[in-house]
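Notes to accompany the following structure.
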Amino acid sequence: MLLQQIVNGLTIGTMYSLCAVGYSMVFGILEFVNFAHGSIYTVGAFITLTLVSSGRIGFGVSFLLSMIATGLLGVAIDRFAYYPIRSKRAPKMNLLIGSIGMSIFLQNLAMLIWGSQTRNYPEVLRLGSTRLLGVTISHYQVVIFLLTAFLIVALQTFIKKTKTGKAMRATAQNVDATKLMGVNVNLIVQIVFFIGSALACVAGTLVGMYYQAADPWMGFMPGLKAFTAAVLGGIGVFEGAMVGGLIIGIVETLAAAYIHAGYRDGIAFAVLIIVLLVRPTGLWGKALSRKV
Amino acid sequence: MQVLGGNRKASLSSRASRILFGILGLVLLAVPYVGVSSYVVRMFTLTLMYISLGLSLNLLSGLAGQVSLGHAAFYGIGAYTSALLSLRLGLPFMLTCLAGGIMASLLGLLLCFPAMKLQGTYFTFVTLGFGEIVRLIILNWAKLTRGPMGLPGIPQPVILGIRIASDGAYYYLILVIAVIIYAVVSNISNSATGRALVAIREDTLVAEAMGVNVFKYKMIAFGLSTFFAGIVGAYFAHYISFIDPSNFTFDESSLILSLVVLGGMGNLKGTILAACFLIAVPEVMRGLLAYRMLIYGLILVLAMMIRPQGLLGSQKRMQVS
């Protein structure tokens, strides 16, 4: 029973991790919480749903196309909404409100396009399940774990080994200095938005398939929780976002099972408040000293 | 000479604004009597409610710079406290309303502790989490709050023997509340306390070094701001006569914060203007019902792009980051 809950928690936790990476990367560079990230997750899930149910192309191709489309949507949002706000050197609060507006906009756009009813997600992968040590693991869960692991390793390699990755890390450290080194910072920001949104699309699609349902509000709570996960792990730290997501997934599933199911959505926030009070930089974050 | 000229200009514009405010006051007083439909009176009531909420948050987020995305929680606590006290114990409105405010304020003071340790986005996220937790407690504590079924039949308020029943009476009640909140917040913003709060907003460390007791002033900002939110919540409960947890969601909190940011941080008249704008625009667009929220989202984004300092915010207060 306990082990089963942990496995289920891990499954949902990997989804939070995928979203948290997007938050973490954007926050690491721009220091703002992109509230629209949850809505991007929703739109991604719906784009995959539409492509798959059109029946013309296979699931793999649909998934890939959907990732690219959602990634481009993220870039467009940055280019046409956030960049103009950023370039005015306004207080950070403006970006936050702007992204809340963008989130409302996308949610309602999704509702207009795909309707407000919950849509059934087609069962593209018909997979069985295995019992191991008294725990039922569906093969779909295995697919989720493997796919997530692959994406994370790929992204990690990209950030650590390539020149673009190096520029991303540099931008996160110091935007102005990176600009002086001749790096096109705006391009880096767009790459970050592309990757983050594509990962959100993966998470949205996988969750849609896991629960076999999608609705225009599906991304709201996961979005908030993924940010919580990013803060928990230490914002801007890649590994932190991953582990933070897993922790939130497991803690929330256990709490729902053993404490009270009604408080499931509140657990992540309770954990966040406690962590921030005890360790304001998150579990992995480096302590920032303030210059006077 | 230049200084004198500047002063005269300022006093002229302040006289003009005083006259403008006088006219506005008369118009507001006359609203229920000029033969407009009760729908319009209700629209004014709703707008005044959001003005009150916006002004109360402006004290905390605009003046003191403690940006909160959980204001709906305090509004909700006020509403539930007042509703439960009058439903279960039959206490009079004046008492339950005050209790609603005090209850909200007590919980609001709790947020002082994270506010002392955290800054910026981190603090904002704690308030968001706090708001969600409060909503979930209201939702799940079914024995007390009836959970998702909500509290129906909240009695009409009786104040000094007068029963508040008509749309006009409700309108005057919220007008009085809004004017009181405006007076208090505007007095604070022009006082030493207000300057201390602004100092905390601009740079907490420097403020502390200059001898501002940061904890004390944050207590004042949190206590008063959430107290007012609680009072407005209590009014809302007795006005609408039915409340349930879906009245106090994150959307509500983000709407209230949008009023403050759209109006210009710390600018009270801006908050009023923003409330008129954001509440009226969706109403005017009722014909476009399906596109209402879509356009609302777009307006928020565009407003931040076109006027980053808010409708009435001053340019000089902008951060140079």
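Lettering and numbering for the structure tokens are positional, with chains as A, B, ... in the shown order, residues counted from 1 in each chain, and ligands counted from 1 in the shown order.
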Practice prompt. Name the residues of region 46-207 of chain B that come out as strand (DSSP E) in a backbone DSSP run; write them as a PyMOL selection string.
Written response: chain B and resi 158-159+162-163
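When the distance limit is 9 Å and only C-alpha atoms are what count, the residues near Gly150 (chain B), minus those fewer than 6 positions from it on the same chain, are B:Leu139, B:Phe242, B:Ile243, B:Asp244, B:Pro245, B:Ser246.
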Selected residues, N, CA and C atoms, written as a tab-separated table (two decimals), in the first residue's frame, please.
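Here's the written file result16.tsv:
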chain	number	residue	atom	x	y	z
B	139	LEU	N	-13.38	24.78	2.50
B	139	LEU	CA	-14.04	23.76	1.68
B	139	LEU	C	-14.20	22.44	2.43
B	242	PHE	N	-25.71	34.52	0.27
B	242	PHE	CA	-25.25	33.14	0.12
B	242	PHE	C	-23.78	33.16	-0.26
B	243	ILE	N	-22.96	32.44	0.54
B	243	ILE	CA	-21.55	32.38	0.18
B	243	ILE	C	-21.10	30.92	0.11
B	244	ASP	N	-20.17	30.64	-0.78
B	244	ASP	CA	-19.53	29.33	-0.80
B	244	ASP	C	-18.06	29.52	-1.17
B	245	PRO	N	-17.24	28.46	-0.99
B	245	PRO	CA	-15.79	28.66	-1.16
B	245	PRO	C	-15.39	29.17	-2.54
B	246	SER	N	-16.24	28.98	-3.54
B	246	SER	CA	-15.83	29.39	-4.89
B	246	SER	C	-15.84	30.91	-5.04
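Ranking A:Ser87, A:Thr178, A:Ser129, A:Thr48 by their shortest atom-to-atom distance to chain B, with only C-alpha atoms included, puts A:Ser87 first.
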Hey, list the chain B side of the contact with chain A: 6 Å cut-off, only C-alpha atoms, answer as a PDB file with N, CA and C atoms, in the first residue's frame.
ATOM      1  N   VAL B 126       4.145  32.751  -0.999  1.00  0.00           N
ATOM      2  CA  VAL B 126       3.647  32.297   0.296  1.00  0.00           C
ATOM      3  C   VAL B 126       2.212  32.774   0.503  1.00  0.00           C
ATOM      4  N   GLY B 129      -0.033  30.582  -1.538  1.00  0.00           N
ATOM      5  CA  GLY B 129      -0.221  29.297  -0.881  1.00  0.00           C
ATOM      6  C   GLY B 129      -1.136  29.423   0.314  1.00  0.00           C
ATOM      7  N   ILE B 133      -4.639  27.477   0.949  1.00  0.00           N
ATOM      8  CA  ILE B 133      -4.854  26.641   2.128  1.00  0.00           C
ATOM      9  C   ILE B 133      -6.119  27.083   2.867  1.00  0.00           C
ATOM     10  N   LEU B 294     -11.503  36.335 -22.194  1.00  0.00           N
ATOM     11  CA  LEU B 294     -10.408  36.392 -23.161  1.00  0.00           C
ATOM     12  C   LEU B 294      -9.910  37.834 -23.280  1.00  0.00           C
ATOM     13  N   GLY B 297      -8.189  39.137 -20.071  1.00  0.00           N
ATOM     14  CA  GLY B 297      -6.789  38.725 -20.000  1.00  0.00           C
ATOM     15  C   GLY B 297      -5.910  39.585 -20.886  1.00  0.00           C
ATOM     16  N   LEU B 300      -5.258  43.043 -19.444  1.00  0.00           N
ATOM     17  CA  LEU B 300      -4.215  43.044 -18.404  1.00  0.00           C
ATOM     18  C   LEU B 300      -2.833  43.097 -19.046  1.00  0.00           C
ATOM     19  N   VAL B 301      -2.626  42.244 -20.059  1.00  0.00           N
ATOM     20  CA  VAL B 301      -1.313  42.203 -20.713  1.00  0.00           C
ATOM     21  C   VAL B 301      -1.011  43.548 -21.375  1.00  0.00           C
ATOM     22  N   MET B 304      -0.178  46.411 -18.997  1.00  0.00           N
ATOM     23  CA  MET B 304       1.185  46.344 -18.465  1.00  0.00           C
ATOM     24  C   MET B 304       2.205  46.793 -19.502  1.00  0.00           C
ATOM     25  N   MET B 305       1.862  46.581 -20.788  1.00  0.00           N
ATOM     26  CA  MET B 305       2.762  46.975 -21.864  1.00  0.00           C
ATOM     27  C   MET B 305       2.728  48.469 -22.078  1.00  0.00           C
ATOM     28  N   PRO B 308       3.226  50.838 -17.934  1.00  0.00           N
ATOM     29  CA  PRO B 308       3.827  49.999 -16.900  1.00  0.00           C
ATOM     30  C   PRO B 308       3.694  50.597 -15.503  1.00  0.00           C
ATOM     31  N   GLN B 319      11.164  51.564 -10.907  1.00  0.00           N
ATOM     32  CA  GLN B 319      12.456  50.998 -10.545  1.00  0.00           C
ATOM     33  C   GLN B 319      13.392  51.058 -11.733  1.00  0.00           C
TER      34      GLN B 319
END
**Request:** Would you kindly return, as a list of chain:residue names, each protein, DNA or RNA residue with an atom no farther than 9 Å from any atom of Gly240 (chain A), considering only C-alpha atoms and excluding same-chain residues fewer than 6 positions away?
**Result:** A:Val21, A:Ser24, A:Ala229, A:Ala230, A:Val231, A:Leu232, A:Gly233, A:Gly234, A:Gly282, A:Leu283, A:Trp284, A:Gly285
Serialized selection, N, CA and C atoms, as a short mmCIF file (atom, residue, chain, number, x, y, z; two decimals), in the first residue's frame:
data_model
loop_
_atom_site.label_atom_id
_atom_site.label_comp_id
_atom_site.auth_asym_id
_atom_site.auth_seq_id
_atom_site.Cartn_x
_atom_site.Cartn_y
_atom_site.Cartn_z
N VAL A 21 11.06 22.50 -14.32
CA VAL A 21 12.27 22.87 -15.05
C VAL A 21 12.02 24.14 -15.87
N SER A 24 11.81 27.09 -13.56
CA SER A 24 13.10 27.34 -12.96
C SER A 24 14.02 28.05 -13.94
N ALA A 229 7.41 23.33 -6.60
CA ALA A 229 8.49 22.35 -6.69
C ALA A 229 9.81 23.03 -7.02
N ALA A 230 9.74 24.00 -7.96
CA ALA A 230 10.96 24.69 -8.37
C ALA A 230 11.55 25.48 -7.19
N VAL A 231 10.67 26.12 -6.41
CA VAL A 231 11.15 26.89 -5.27
C VAL A 231 11.70 25.95 -4.20
N LEU A 232 10.98 24.85 -4.01
CA LEU A 232 11.40 23.87 -3.01
C LEU A 232 12.80 23.37 -3.28
N GLY A 233 13.09 23.09 -4.56
CA GLY A 233 14.42 22.57 -4.90
C GLY A 233 15.48 23.65 -4.92
N GLY A 234 15.07 24.88 -4.98
CA GLY A 234 16.05 25.96 -5.13
C GLY A 234 15.93 26.48 -6.54
N GLY A 282 15.57 27.40 -0.68
CA GLY A 282 15.22 26.08 -1.19
C GLY A 282 16.29 25.07 -0.80
N LEU A 283 16.04 23.81 -1.15
CA LEU A 283 16.94 22.76 -0.69
C LEU A 283 18.33 22.85 -1.31
N TRP A 284 18.38 23.19 -2.62
CA TRP A 284 19.67 23.18 -3.32
C TRP A 284 20.26 24.58 -3.55
N GLY A 285 19.41 25.57 -3.36
CA GLY A 285 19.81 26.92 -3.73
C GLY A 285 20.98 27.43 -2.92
#
Across A:Gly55, A:Gly74, A:Gly28, A:Gly165, the smallest distance to Leu199 (chain A), with only C-alpha atoms counted, is shown by A:Gly74
Could you go through region 32-142 of chain A and tell me which residues DSSP, when run on the backbone, assigns to helix (DSSP H, G or I), listing them as a PyMOL selection string?
chain A and resi 37-54+59-86+92-114+139-142
Which polymer residues have any atom within 10 Å of an atom of region 205-214 of chain B, counting only C-alpha atoms, with same-chain residues fewer than 5 positions away left out, as a tab-separated table (two decimals) with C-alpha atoms, in the first residue's frame?
chain	number	residue	atom	x	y	z
A	290	ARG	CA	22.94	41.07	-0.07
A	292	VAL	CA	24.68	47.11	0.56
B	116	MET	CA	10.04	39.43	7.79
B	193	THR	CA	3.59	55.89	9.02
B	195	ARG	CA	6.50	57.37	4.67
B	196	ALA	CA	7.92	54.59	6.80
B	197	LEU	CA	5.95	52.05	4.76
B	198	VAL	CA	7.20	53.54	1.49
B	199	ALA	CA	10.73	53.43	2.85
B	200	ILE	CA	10.27	49.73	3.61
B	219	MET	CA	2.31	44.71	11.53
B	220	ILE	CA	0.37	47.93	10.99
